[in-house]
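Accompanying notes for the structure given below.
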Amino acid sequence: MSVRYRESILVAISLVTAILVYWSADQIPSSLMAKISAGLVPKMIATSLALIACLHLLLIFKNRSEDADDVGDSPVSAGSDEGISEGGVFSLWRMVTSAVLLGLFILCLDQEWLSFWWAGCLFTAFGILLLSELSVRAVLMAVTVSLVSVSLAVLLFTRVFTVILP
């Protein structure tokens, strides 16, 4: 399966996900106390995801037309899997592990095994480690980034948007 085909599948999944999230957020009833709807942030995220997916789709089509002009210029053609190593960006184990990690995050929140803060910190830290070379520096960076980003997200959602987190 070529890289371009995988990217096209990812764009399609992203667009479907964005539509479903937007539709689900539209079903959230408005609060009498809050000035903004609880569905505003999910709608903004869904819209951003759809825009990014559309931009990625445009880049795929742009690169396809440029590749048609430059056939044979590079030792590895743009649409082939040659040159992508086992530890590369598109390796299968990273994709599967990311999906399992996301499933565990959702399961921990749904079953109330962990609070949002703990589950978010663990998910973010392991996600960063999954995408980086394993080293002491990477572990320290992953822990720091996850603690800071999840803490800021919790403060933003609980204090500014007045959302009750699990």
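Quick note on naming: the chains in the structure tokens go A, B, ... in the order shown, residues restart at 1 in each chain, and ligands are numbered from 1 in order of appearance.
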Please provide the set of residues having any atom within 8 Å of Leu165 in chain A, restricted to only C-alpha atoms, with same-chain residues fewer than 5 positions apart removed, written as a list of chain:residue names.
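Once the adjacent positions are removed, what remains is A:Phe116, A:Val154, A:Phe157, A:Thr158.
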Dump of N, CA, C and O atoms for the selected residues, as an mmCIF file, in the first residue's frame:
data_model
loop_
_atom_site.group_PDB
_atom_site.id
_atom_site.type_symbol
_atom_site.label_atom_id
_atom_site.label_comp_id
_atom_site.auth_asym_id
_atom_site.auth_seq_id
_atom_site.Cartn_x
_atom_site.Cartn_y
_atom_site.Cartn_z
ATOM 1 N N PHE A 116 -9.548 12.559 34.978
ATOM 2 C CA PHE A 116 -9.138 13.086 33.680
ATOM 3 C C PHE A 116 -7.674 13.525 33.709
ATOM 4 O O PHE A 116 -6.936 13.302 32.756
ATOM 5 N N VAL A 154 -6.931 21.321 31.918
ATOM 6 C CA VAL A 154 -7.893 21.175 33.015
ATOM 7 C C VAL A 154 -8.296 22.548 33.542
ATOM 8 O O VAL A 154 -9.480 22.814 33.764
ATOM 9 N N PHE A 157 -10.593 24.260 30.884
ATOM 10 C CA PHE A 157 -11.941 23.717 30.778
ATOM 11 C C PHE A 157 -12.752 23.903 32.055
ATOM 12 O O PHE A 157 -13.953 24.143 31.990
ATOM 13 N N THR A 158 -12.111 23.777 33.213
ATOM 14 C CA THR A 158 -12.888 23.895 34.467
ATOM 15 C C THR A 158 -13.117 25.334 34.874
ATOM 16 O O THR A 158 -14.169 25.663 35.415
#
Would you list the contacts of range 125-138 of chain A as a PyMOL selection string, taking every protein, DNA or RNA residue within 8 Å and counting only C-alpha atoms, but skipping same-chain residues closer than 4 positions in sequence?
chain A and resi 94+98+101+121+142-143+145-146
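The space separating CA of Glu112 in chain A from CA of Pro166 in chain A comes to 7.4 Å.
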To one decimal in Å, tell me the separation between CA of Ser65 in chain A and CA of Tyr5 in chain A.
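If I compute the distance from CA of Ser65 in chain A to CA of Tyr5 in chain A, I get 14.9 Å.
Between Thr162 in chain A and the candidates A:Leu140, A:Ile36, A:Leu104, A:Leu147, the tightest atom-to-atom separation, counting only C-alpha atoms, involves A:Ile36.
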